[in-house]
Amino acid sequence: MSAVPVLSVDSLSVEFRTRSGIVKALENVSFAVNKGEMVAIVGESGSGKSVTAFTVMGILDAAGRVTRGTATFGGLDLLQAPEAALRDIRGREMSMIFQNPRVALNPIRRVGDQIADVLLQHGNVTRREAPKRAIEMLQKVRIPDPERRARAYPFELSGGMCQRIMIAIALACSPKMLIADEPTTGLDVTTQAAIMDLIAELGKDQGMATLLITHDLGMAAEYCDHIVVMHAGHIVEAAPTAELFAHPRHPYTAKLIAATPKPTVSLMDLAAIPGNLPDLRAAEIAPCRYSARCERKQTRCDQALPQVLGDVKNSVVACWNPL
Amino acid sequence: MLRLIGKRLVGALPSVIGVLIVTFLLTRALPGDPAAFFAGPAATPQAIEEVRRALGLDKTLPEQFVVYLKDLARGDLGNSIATGQPVLTEIRTRLPASLELTLYGLLVSVLIAVPLGVLAATRPGSWIDHLCRVMTTAGVSLPAFFTGLLLVYVLYYRLGWAPAPLGRLDIFYSAPPHVTGLYTIDALLAGDGATFRAACAQLLLPVTALAIFTLAPLARMTRAAMLEVLGSDFIRTARASGLPKGKIVYAYAFRNAMLPVVTTLGMVFSFLLGANVLVEKVFSWPGIGTFAIEALISSDYAPIQGFVLTMALLYVALNLAIDILYIVIDPRVGFES
Ligand SMILES: Nc1ncnc2c1ncn2[C@@H]1O[C@H](COP(=O)(O)OP(=O)(O)OP(=O)(O)O)[C@@H](O)[C@H]1O
Ligand SMILES: [Mg+2]
């Protein structure tokens, strides 16, 4: 593991202006992903995982605004760079795959052409070579009968097949960094494993850094070196996987692990954690956004949130009264 | 794809049969006794019976229907009492006049409305978005005949820039040899530039009036469809792949947004065919709408029957064309099950 991170996000805050007020979707989010490493962001629905990914990719909704922080990729501050420079990076050096692969592909364009579009855009092939290279990519993501499948439309393919196409699009230009936003949501269990294995293997081949966004703590544990736990737009804890499971320090992490007795149980069935995410539109949100649900709450929890460094390198917990 | 188109063609057959039956029954169901009408007000009962027999109206309905179909097969739609001309001849000269008006009106409207809607959707809140909103609101609140009158008043009567609103060609020109019936196209085919320009000059005002009227639904639908598509997941994928904005808007978003626009186009077209009767009146346009109104007022049955039949067949053809367009644009059509 090299020491220079491929992507490092520092003190990132993002707000959305909506009709019902300003949503403070992210606050003071910091993490880093190193070369060849796979890092997971886990958290309940609405905790800000996708917003983090979209901000880094520069594809946030028009309503979203970065109010603080930096995101550095290969020496470039992604949040300050001009759009043209970002467009050149996207799809070539940094790619993203999304959940719901069936709707994430253009429904009326042949999948081979969609892969070729990316290859052509980033200039490493001629118009004549592009279709052949697209078929090679299909082969690489193990799609049987790639010549025929290249001419298919997304509606003619299964969900797992569509996700393989997404991976082919994302990896077509051998990026340094891949962000996978719940890449296996909506797929059946065997397909999930196959897709994750494919991402892990291709990532290893190319020495790619991967940011895996997931609900599934079990999946994070299986594939990732480092886990970042998010709750309501805050990072509550981040630690190497083994350390996080052995010694969870944030009460929320502990609850998550307790609610995940076997590494295959999804966070979707989080009956064990009482309460809900706080309303992020409120003008006054408690500094610790977990405090309303927390059993270890103390009076000092009303003060600004501390960033306590853990005993282990690269671990951090944001809590006044950690375990 | 060809098989699908063939299937649609066959699927249109029942509609055609339905149209034939309805037009047949329609004239039988109209109030009044055609035999008495044809025989004239002073006719004796015997004379009326004779006319009834001559018209074949004494036969049973199924028998009459067979006769009707045989006449149709020979292209015989009966004669107009008012002009004495065969109805088919009338329709053959008047339908192209209406179509020329409608097609150019739609063409102009599409050429303005679609880019306007696309630009408004890609730049929400900009001046072009506001322009789009103003035009769509103004467009629907101005009926085409009113805009037509206004245009005639300002551009012909006051300024004298446009020719007199008196039909398809100025009296100094004669109609080009009949090929398609559309004067502009026939004039071009005959290589007659002067007649072409004259026909265009006559078309200018009515086409503008129709275009303004149909601009509204088309621009609004284009804008809404583009906004919806631009917010969809696969556009986000395209952006995350670093595709340039132009490629995203045209190759990815626009083709997907075409589908609802084509549907609206079909609706507007059929609506226009019926609605431009008043515009034809304003511009003394010898179209099929004027023809039908005059026939209706004088209870001239054969032309009415011919008109209804023509329009109904036109609608069937139009729907067929739109279905085929759908098949061409969207690979999913015909596979959903
Ligand atoms: N376009 C937007 N406008 C307003 N609020 C938004 C927008 N996008 C996201 N948010 C808010 O940001 C917060 C985080 O959303 P995000 O989509 O990042 O959650 P997530 O962790 O990815 O959840 P999921 O697991 O369901 O994908 C939510 O509270 C959401 O309401
Ligand atoms: Mg998400």
# chains A, B, ... in the order shown; residues from 1 in each chain; ligands from 1
>>> residues_around(residues="B:Asn319", least_positions_apart="4", cutoff="12 Å", atoms="only C-alpha atoms", output="list in words")
Arg8, Leu9, Gly11, Ala12, Ser15, Val16, Val262, Thr263, Thr264, Leu265, Gly266, Met267, Val268, Phe269, Ser270, Ala312, Leu313, Leu314, Tyr315, Asp323, Ile324, Leu325 and Tyr326 of chain B
>>> residues_near_ligand(ligand="ligand 2", cutoff="8 Å", atoms="only C-alpha atoms and all ligand atoms", output="number ranges by chain")
A: 45-46, 48-51, 99, 181-182, 213
>>> residues_near_ligand(ligand="ligand 1", cutoff="7 Å", atoms="only C-alpha atoms and all ligand atoms", output="ChimeraX atom specification")
/A:16-18,23,25,43-52,61,63-64,215,233,280
>>> write_last_selection(atoms="C-alpha atoms", output="mmCIF file, in the first residue's frame")
data_model
loop_
_atom_site.group_PDB
_atom_site.id
_atom_site.type_symbol
_atom_site.label_atom_id
_atom_site.label_comp_id
_atom_site.auth_asym_id
_atom_site.auth_seq_id
_atom_site.Cartn_x
_atom_site.Cartn_y
_atom_site.Cartn_z
ATOM 1 C CA PHE A 16 -28.894 21.314 -1.102
ATOM 2 C CA ARG A 17 -31.204 24.256 -1.564
ATOM 3 C CA THR A 18 -34.729 22.896 -1.643
ATOM 4 C CA VAL A 23 -30.487 20.314 3.498
ATOM 5 C CA ALA A 25 -26.357 16.652 3.360
ATOM 6 C CA GLY A 43 -24.310 3.690 6.213
ATOM 7 C CA GLU A 44 -28.064 3.692 6.217
ATOM 8 C CA SER A 45 -30.144 5.070 3.380
ATOM 9 C CA GLY A 46 -29.916 8.851 3.342
ATOM 10 C CA SER A 47 -26.593 9.036 5.151
ATOM 11 C CA GLY A 48 -24.953 10.888 2.252
ATOM 12 C CA LYS A 49 -22.969 8.135 0.552
ATOM 13 C CA SER A 50 -24.154 8.928 -2.964
ATOM 14 C CA VAL A 51 -23.827 12.671 -2.413
ATOM 15 C CA THR A 52 -20.191 12.099 -1.478
ATOM 16 C CA ASP A 61 -27.524 18.150 -8.951
ATOM 17 C CA ALA A 63 -29.407 22.334 -6.344
ATOM 18 C CA GLY A 64 -26.313 21.006 -4.565
ATOM 19 C CA HIS A 215 -25.473 -0.895 2.700
ATOM 20 C CA GLY A 233 -23.879 13.251 6.557
ATOM 21 C CA LEU A 280 -31.169 17.480 7.897
#
>>> residues_around(residues="A:Ala85", least_positions_apart="4", cutoff="10 Å", atoms="only C-alpha atoms", output="list of chain:residue names")
A:Leu76, A:Leu78, A:Ala81, A:Ile89, A:Arg90, B:Gly242
>>> interface_residues(of="chain B", to="chain A", cutoff="9 Å", atoms="only C-alpha atoms", output="PyMOL selection string")
chain B and resi 232-244+252-253+255-256+329-332
>>> select_by_dssp(residues="stretch 101-269 of chain A", states="helix (DSSP H, G or I)", output="PyMOL selection string")
chain A and resi 101-104+111-121+130-140+146-149+154-156+159-171+189-206+217-223+241-246+251-258+267-269
>>> closest_residue(among="A:Gly123, A:Ala318, A:Ser158, A:Gly112", to="A:Met137", atoms="only C-alpha atoms")
A:Gly112
>>> residues_around(residues="A:Leu26", least_positions_apart="5", cutoff="7 Å", atoms="only C-alpha atoms", output="list in words")
Leu12, Ser13, Val14, Glu15, Gly48, Gly233 and His234 of chain A
>>> write_last_selection(atoms="N, CA, C and O atoms", output="short mmCIF file (atom, residue, chain, number, x, y, z; two decimals), in the first residue's frame")
data_model
loop_
_atom_site.label_atom_id
_atom_site.label_comp_id
_atom_site.auth_asym_id
_atom_site.auth_seq_id
_atom_site.Cartn_x
_atom_site.Cartn_y
_atom_site.Cartn_z
N LEU A 12 -15.12 18.04 3.70
CA LEU A 12 -16.10 18.35 2.67
C LEU A 12 -17.49 18.58 3.28
O LEU A 12 -17.97 17.76 4.07
N SER A 13 -18.11 19.71 2.94
CA SER A 13 -19.49 19.96 3.34
C SER A 13 -20.31 20.28 2.10
O SER A 13 -19.86 21.05 1.25
N VAL A 14 -21.50 19.70 2.00
CA VAL A 14 -22.37 19.92 0.84
C VAL A 14 -23.78 20.23 1.33
O VAL A 14 -24.28 19.59 2.26
N GLU A 15 -24.40 21.22 0.70
CA GLU A 15 -25.78 21.58 1.03
C GLU A 15 -26.65 21.48 -0.21
O GLU A 15 -26.17 21.68 -1.33
N GLY A 48 -25.80 9.98 3.03
CA GLY A 48 -24.95 10.89 2.25
C GLY A 48 -23.88 10.18 1.45
O GLY A 48 -22.95 10.83 0.94
N GLY A 233 -24.77 12.25 7.13
CA GLY A 233 -23.88 13.25 6.56
C GLY A 233 -22.57 13.45 7.30
O GLY A 233 -21.76 14.29 6.93
N HIS A 234 -22.36 12.70 8.37
CA HIS A 234 -21.10 12.75 9.10
C HIS A 234 -20.38 11.42 8.95
O HIS A 234 -21.03 10.38 8.85
#
>>> residues_around(residues="B:Lys281", least_positions_apart="4", cutoff="7 Å", atoms="only C-alpha atoms", output="PDB file with N, CA, C and O atoms, in the first residue's frame")
ATOM      1  N   VAL B 277     -60.462  24.893 -40.650  1.00  0.00           N
ATOM      2  CA  VAL B 277     -61.607  25.344 -41.439  1.00  0.00           C
ATOM      3  C   VAL B 277     -61.715  26.869 -41.380  1.00  0.00           C
ATOM      4  O   VAL B 277     -61.872  27.546 -42.404  1.00  0.00           O
ATOM      5  N   TRP B 285     -59.179  30.041 -48.714  1.00  0.00           N
ATOM      6  CA  TRP B 285     -58.368  28.909 -49.171  1.00  0.00           C
ATOM      7  C   TRP B 285     -59.303  27.813 -49.675  1.00  0.00           C
ATOM      8  O   TRP B 285     -60.204  27.402 -48.948  1.00  0.00           O
ATOM      9  N   THR B 290     -63.487  24.048 -45.980  1.00  0.00           N
ATOM     10  CA  THR B 290     -64.493  24.945 -46.551  1.00  0.00           C
ATOM     11  C   THR B 290     -65.541  24.137 -47.312  1.00  0.00           C
ATOM     12  O   THR B 290     -66.750  24.371 -47.190  1.00  0.00           O
TER      13      THR B 290
END
>>> closest_atom_pairs(of="stretch 72-140 of chain B", to="stretch 175-198 of chain B", cutoff="9 Å", atoms="only C-alpha atoms", output="tab-separated table")
residue	atom	partner	partner_atom	distance
B:Arg92	CA	B:Gly181	CA	8.0
B:Thr93	CA	B:Gly181	CA	6.8
B:Arg94	CA	B:Gly181	CA	8.6
B:Leu95	CA	B:Gly181	CA	8.3
B:Pro96	CA	B:Gly181	CA	5.1
B:Ala97	CA	B:Leu182	CA	6.6
B:Leu99	CA	B:Leu182	CA	7.8
B:Glu100	CA	B:Leu182	CA	5.7
>>> residues_around(residues="B:Ala216", least_positions_apart="4", cutoff="7 Å", atoms="only C-alpha atoms", output="short mmCIF file (atom, residue, chain, number, x, y, z; two decimals) with N, CA and C atoms, in the first residue's frame")
data_model
loop_
_atom_site.label_atom_id
_atom_site.label_comp_id
_atom_site.auth_asym_id
_atom_site.auth_seq_id
_atom_site.Cartn_x
_atom_site.Cartn_y
_atom_site.Cartn_z
N MET B 135 -44.14 32.22 -25.05
CA MET B 135 -44.69 31.81 -26.35
C MET B 135 -45.71 30.70 -26.20
N THR B 136 -45.47 29.78 -25.28
CA THR B 136 -46.43 28.69 -25.14
C THR B 136 -47.73 29.20 -24.53
N THR B 137 -47.65 30.16 -23.61
CA THR B 137 -48.88 30.68 -23.03
C THR B 137 -49.64 31.51 -24.06
N GLY B 139 -49.39 31.41 -27.34
CA GLY B 139 -49.81 30.59 -28.47
C GLY B 139 -51.17 29.94 -28.28
N VAL B 140 -51.39 29.34 -27.11
CA VAL B 140 -52.67 28.64 -26.92
C VAL B 140 -53.81 29.61 -26.73
N ARG B 220 -43.87 23.09 -25.52
CA ARG B 220 -44.03 22.69 -24.12
C ARG B 220 -43.69 21.21 -23.95
#
>>> closest_residue(among="B:Val207, B:Ala162, B:Val87, B:Leu318", to="B:Tyr104", atoms="only C-alpha atoms")
B:Val207
>>> atom_distance(atom1="atom CA of B:Gly306", atom2="atom CA of B:Leu77")
6.2 Å
>>> residues_around(residues="A:Ala221", least_positions_apart="4", cutoff="10 Å", atoms="only C-alpha atoms", output="list in words")
Val39, Ala40, Asp216, Leu217, Asp225, His226, Ile227, Pro240, Thr241, Ala242, Leu244, Phe245, Pro263 and Thr264 of chain A
>>> select_by_dssp(residues="stretch 15-235 of chain A", states="strand (DSSP E)", output="VMD selection string")
chain A and resid 15 to 18 21 to 34 38 to 42 64 to 73 76 to 77 94 to 97 177 to 181 209 to 214 226 to 231 234 to 235
>>> closest_residue(among="B:Leu55, B:Leu61, B:Val152, B:Leu116", to="B:Cys132", atoms="only C-alpha atoms")
B:Leu116
>>> closest_residue(among="A:Ser20, A:Glu27, A:Val56, A:Leu178", to="A:Pro287", atoms="only C-alpha atoms")
A:Glu27
